[in-house]
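Enquirer: Dropping a structure here in structure tokens format, bear with me for questions.
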Amino acid sequence: MAVSKTLVGIGLAVALGLGYLLRSVDLGRWRRRLSSRLIFGVPWGTAVTVSVLVAFYLFAQHGFAHWERPVTYPYISWSYFYPTGWLTAGIAHGSPAHLVSNTTATVVFGVIAEYTWGHYPPSERERTDEPDRAPDHQDGGSAGPGRRVGPADAERRAGPAERVGPSPRSGGWLSNPWVRALVAFPGTLFAIALLTSAFSLGPGLGFSGAVYAIVAFTLLVAPRLAVGGVVASAALGVLYDALANPIVTAGIESGAPSPPGWAGVGFQAHLLGFLVGAIVAIAVLRTRERTPATGAIFGALVLVGLAQSVWLLVWPGGSDTYTLYRGVGVTFLLVLAVVVSVAATGPTRRLPRPFATVPRMPSRKRLAIVWVGLLTVVLGLFVAAPLAMGEASGFVVGIFLVAYALLVIPAIPPLLPDRLTDGPIDYRQAALVTLCVLAAVVAVVGVPYGFTLIDGEPTGSGAVDVGEYTVTYEENASIDRTMLGFPEEAQSNATYDGLLVASDDHEVFTIGERADVIAYDGEATVAVGGPGEYETVHAERTGWEVLGNETVYAVDLVVDSERTRSYVTEPVETGVQFDETQVLLAPTADGFEVRFEQDGETTAVPVPEVNQTQSVGPFVVRKESGEDTDRITVSRDGVTTPIAERETYPGSK
């Protein structure tokens with residue numbers, strides 16, 4: 001990044017603002033408050049997490065040398081048969097914007113979550129409150145009789161003394177402040193990132209699943225700060241953009257064809273991370289015997305959920321169409337906010353028993369036994385029938401088993417001893433079980449896509465091999481992609497157009513760049529490789545717009561200055577005819593040629609250089625340089641006719 005006057009001005013303005021802020025606040029009070037929760041007042045866990053994400057991008061993905069074009073293909077969760085992918089997908093990112101977005105949110109929400117959780121575990125004598133001091137509520141009613149002790153109260157008790165480092169505590173390794181700061185907190189975030197990548201709905205990449213878990217956690221333990229965190233995260237993003245791109249000049253023009261921005265968002269991984277974060281937060285609140293204010297929790301869930309697109313629900317259709325179910329998604333978010341609020345702050349009284357007044361009504365345990373038995377019989381019938389006919393598939397059996405497991409969950413509490421279930425189930429427990437079931441459903445839907453196998457390479461002949469990858473340009477290409485356990489008729493028979501990247505070793509077959517984008521830009525580049533290996537494959541499209549007909553073009557792939565012609569279109573008739581001779585334009589192995597067909601015989605001549613001619617029989621082919629583009633003409637007996645103009649690419653201007 002070049003140092004400009006604008007950057008200097010932004011730096012001075014930021015320094016001025018920070019200086020004013022530091023002189024306007026009580027630094028001693030803030031230092032004591034931070035040190036009461038964090039070792040030396042530093043959010044070490046957030047710092048470790050962000051450092052790992054940035055370091056992985058800079059070194060494993062070669063972002064240090066190639067900031068704008070990192071290596072991504074080795075780190076995407078393509079399949080369970082490629083463990084490197086789903087082990088690293090949660091910490092890898094696809095672009096600088098992707099990295100900055102996730103790290104910015106991690107810094108903002110991670111600091112809030114780490115502060116509220118604390119490096120120093122609360123003792124039975126002193127339980128810390130959330131920073132916004134929400135009142136305690138039990139059963140959705142009034143505040144409890146005892147006022148809890150918050151950070152400010154701890155400061156007043158401590159007087160002028162300041163905690164400057166960890167003090168030894170007993171109670172196991174998780175009570176050690178350094179373990180909590182450097183291991184437990186970042187380890188939990190990376191575990192959630194691994195979980196969301198392993199159960200992603202198709203190939204996944206990025207730390208956003210864990211980010212949504214942090215957001216959900218802060219919404220429940222510090223709802224007011226979470227709402228402010230959304231504003232702070234957006235502000236940091238704008239500040240970064242001002243530093244990275246201080247001046248942006250753009251004209252009024254249409255861009256390259258591309259799907260809508262929301263079509264590529266991993267909404268299922270985001271929702272899974274959000275649910276996991278909410279469950280973890282409820283567990284922390286239960287352990288610390290805290291019940292935040294219901295209104296604050298519900299309001300924060302709705303506001304942040306709408307702003308952060310927790311409601312996003314997208315499904316791809318055919319012919320490059322995508323459907324956004326905004327209405328259904330918003331409805332789901334509102335219901336989810338109610339369930340999460342009840343699970344965190346709802347009444348602790350038992351659920352009503354509407355059939356208690358019915359005479360001779362079986363007990364809950366007997367009803368649970370009947371329910372489980374009925375489900376077992378139904379499962380046996382649905383599995384046994386396809387097995388007997390030899391038409392069973394692992395996918396179908398798996399779906400039945402998952403449905404069975406989910407339907408059995410409500411019957412489990414009545415079957416457990418009272419000492420384990422702590423008596424009849426209450427509203428909070430029922431809502432928490434609902435959240436756990438929902439999280440299991442959201443995770444399970446991604447499992448079948450993990451059992452994907454790729455067999456063979458793209459069908460084209462103009463491919464280049466770069467390390468463990470094969471790159472080619474094709475249109476209407478197909479590949480043997482098998483999802484284990486799926487019936488054969490359910491397998492994907494899609495075709496692909498564009499710059500394709502494939503690897504049997506990595507179980508990957510994907511579009512590196514779409515054909516219509518290359519047609520708009522005239523070129524595209526993909527980076528392949530891995531740790532210690534970085535190679536780029538550059539695709540260049542050249543073509544001629546045949547007057548009155550389609551465009552004829554070719555795509556070359558360039559690797560280390562070596563050019564390979566990867567794709568050529570079929571010859572195109574120009575519509576120009578001299579007597580019985582038809583004129584065509586066709587790509588060749590290293591250029592283009594004009595063909596003359598008459599009575600089944602074909603003669604051809606290469607398209608010459610600019611302002612040069614080529615002759616074959618009575619015909620003269622000339623390439624002329626015009627004001628806007630080159631043109632090919634054909635002449636015979638003094639009659640000259642233009643047949644094609646050089647293809648132009650709006651994105652290259």
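Ordering of the structure tokens sets the chain letters (A, B, ...); residue numbers start at 1 within each chain; ligands are numbered from 1 in the order shown.
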Step one, run DSSP on the backbone; step two, keep only residues of stretch 450-626 of chain A assigned to strand (DSSP E); then write them as number ranges by chain.

Expert: A: 452-455, 464-466, 469-477, 480-483, 496-503, 508-514, 523-530, 533-546, 551-559, 562-568, 572-578, 581-587, 592-598, 601-606, 612-616, 619-625

Enquirer: Might you pull out every residue within 12 Å of A:Val408, with only C-alpha atoms counted and same-chain residues fewer than 3 positions away left off, and present them as a short mmCIF file (atom, residue, chain, number, x, y, z; two decimals) with N, CA and C atoms, in the first residue's frame?

Expert:
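Saved the output as around.cif:
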data_model
loop_
_atom_site.label_atom_id
_atom_site.label_comp_id
_atom_site.auth_asym_id
_atom_site.auth_seq_id
_atom_site.Cartn_x
_atom_site.Cartn_y
_atom_site.Cartn_z
N LEU A 367 -46.18 -43.31 27.95
CA LEU A 367 -46.38 -42.72 26.63
C LEU A 367 -45.07 -42.67 25.85
N ALA A 368 -43.98 -42.36 26.55
CA ALA A 368 -42.67 -42.32 25.89
C ALA A 368 -42.28 -43.70 25.38
N ILE A 369 -42.54 -44.74 26.20
CA ILE A 369 -42.20 -46.11 25.76
C ILE A 369 -43.01 -46.49 24.53
N VAL A 370 -44.30 -46.15 24.53
CA VAL A 370 -45.15 -46.47 23.36
C VAL A 370 -44.65 -45.72 22.13
N TRP A 371 -44.29 -44.44 22.30
CA TRP A 371 -43.82 -43.62 21.18
C TRP A 371 -42.54 -44.20 20.58
N VAL A 372 -41.58 -44.54 21.44
CA VAL A 372 -40.32 -45.10 20.95
C VAL A 372 -40.56 -46.45 20.27
N GLY A 373 -41.41 -47.27 20.87
CA GLY A 373 -41.70 -48.56 20.24
C GLY A 373 -42.36 -48.41 18.88
N LEU A 374 -43.31 -47.48 18.78
CA LEU A 374 -43.98 -47.24 17.50
C LEU A 374 -43.00 -46.76 16.44
N LEU A 375 -42.12 -45.82 16.82
CA LEU A 375 -41.13 -45.33 15.87
C LEU A 375 -40.18 -46.43 15.44
N THR A 376 -39.81 -47.31 16.35
CA THR A 376 -38.90 -48.41 16.02
C THR A 376 -39.54 -49.36 15.02
N LEU A 379 -39.63 -47.59 11.64
CA LEU A 379 -38.29 -47.57 11.05
C LEU A 379 -37.95 -48.93 10.47
N LEU A 401 -32.80 -43.05 9.56
CA LEU A 401 -32.16 -43.09 10.87
C LEU A 401 -32.13 -41.70 11.52
N VAL A 402 -31.83 -40.68 10.72
CA VAL A 402 -31.81 -39.32 11.25
C VAL A 402 -33.21 -38.90 11.71
N ALA A 403 -34.22 -39.17 10.88
CA ALA A 403 -35.59 -38.84 11.26
C ALA A 403 -36.00 -39.57 12.54
N TYR A 404 -35.58 -40.83 12.64
CA TYR A 404 -35.90 -41.61 13.84
C TYR A 404 -35.25 -40.99 15.07
N ALA A 405 -33.98 -40.63 14.96
CA ALA A 405 -33.26 -40.05 16.10
C ALA A 405 -33.90 -38.75 16.55
N ALA A 411 -38.92 -38.02 23.62
CA ALA A 411 -39.30 -39.10 24.53
C ALA A 411 -38.18 -39.47 25.50
N ILE A 412 -37.00 -38.89 25.31
CA ILE A 412 -35.88 -39.28 26.16
C ILE A 412 -36.03 -38.78 27.60
N PRO A 413 -36.38 -37.50 27.86
CA PRO A 413 -36.47 -37.04 29.26
C PRO A 413 -37.39 -37.88 30.15
N PRO A 414 -38.59 -38.26 29.71
CA PRO A 414 -39.43 -39.08 30.61
C PRO A 414 -38.83 -40.45 30.91
N LEU A 415 -37.94 -40.94 30.03
CA LEU A 415 -37.37 -42.26 30.25
C LEU A 415 -36.17 -42.22 31.18
N VAL A 437 -32.23 -29.77 19.12
CA VAL A 437 -32.77 -30.54 18.00
C VAL A 437 -32.63 -29.76 16.70
#

Enquirer: Could you check the closest approach to A:Pro96 for each of A:Ser309, A:Gln61, A:Ser233, A:Ser35 and tell me which residue wins, using only C-alpha atoms?

Expert: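 For A:Pro96, the nearest of the given residues is A:Gln61.
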
Enquirer: Quick one, how far is atom CA of A:Ile39 from atom CA of A:His119?

Expert: 6.6 Å

Enquirer: Which neighbours of A:Leu500 fall inside 10 Å, counting only C-alpha atoms, when residues of the same chain fewer than 3 positions from it are skipped, and could you give them as a list in words?

Expert: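 Counting only C-alpha atoms, the residues come to Pro458, Ala463, Thr470, Val471, Thr472, Tyr473, Glu474, Glu475, Ala477, Tyr496, Asp497, Phe509, Thr510, Ile511, Gly512, Glu513, Arg514, Ala515 and Val526 of chain A.
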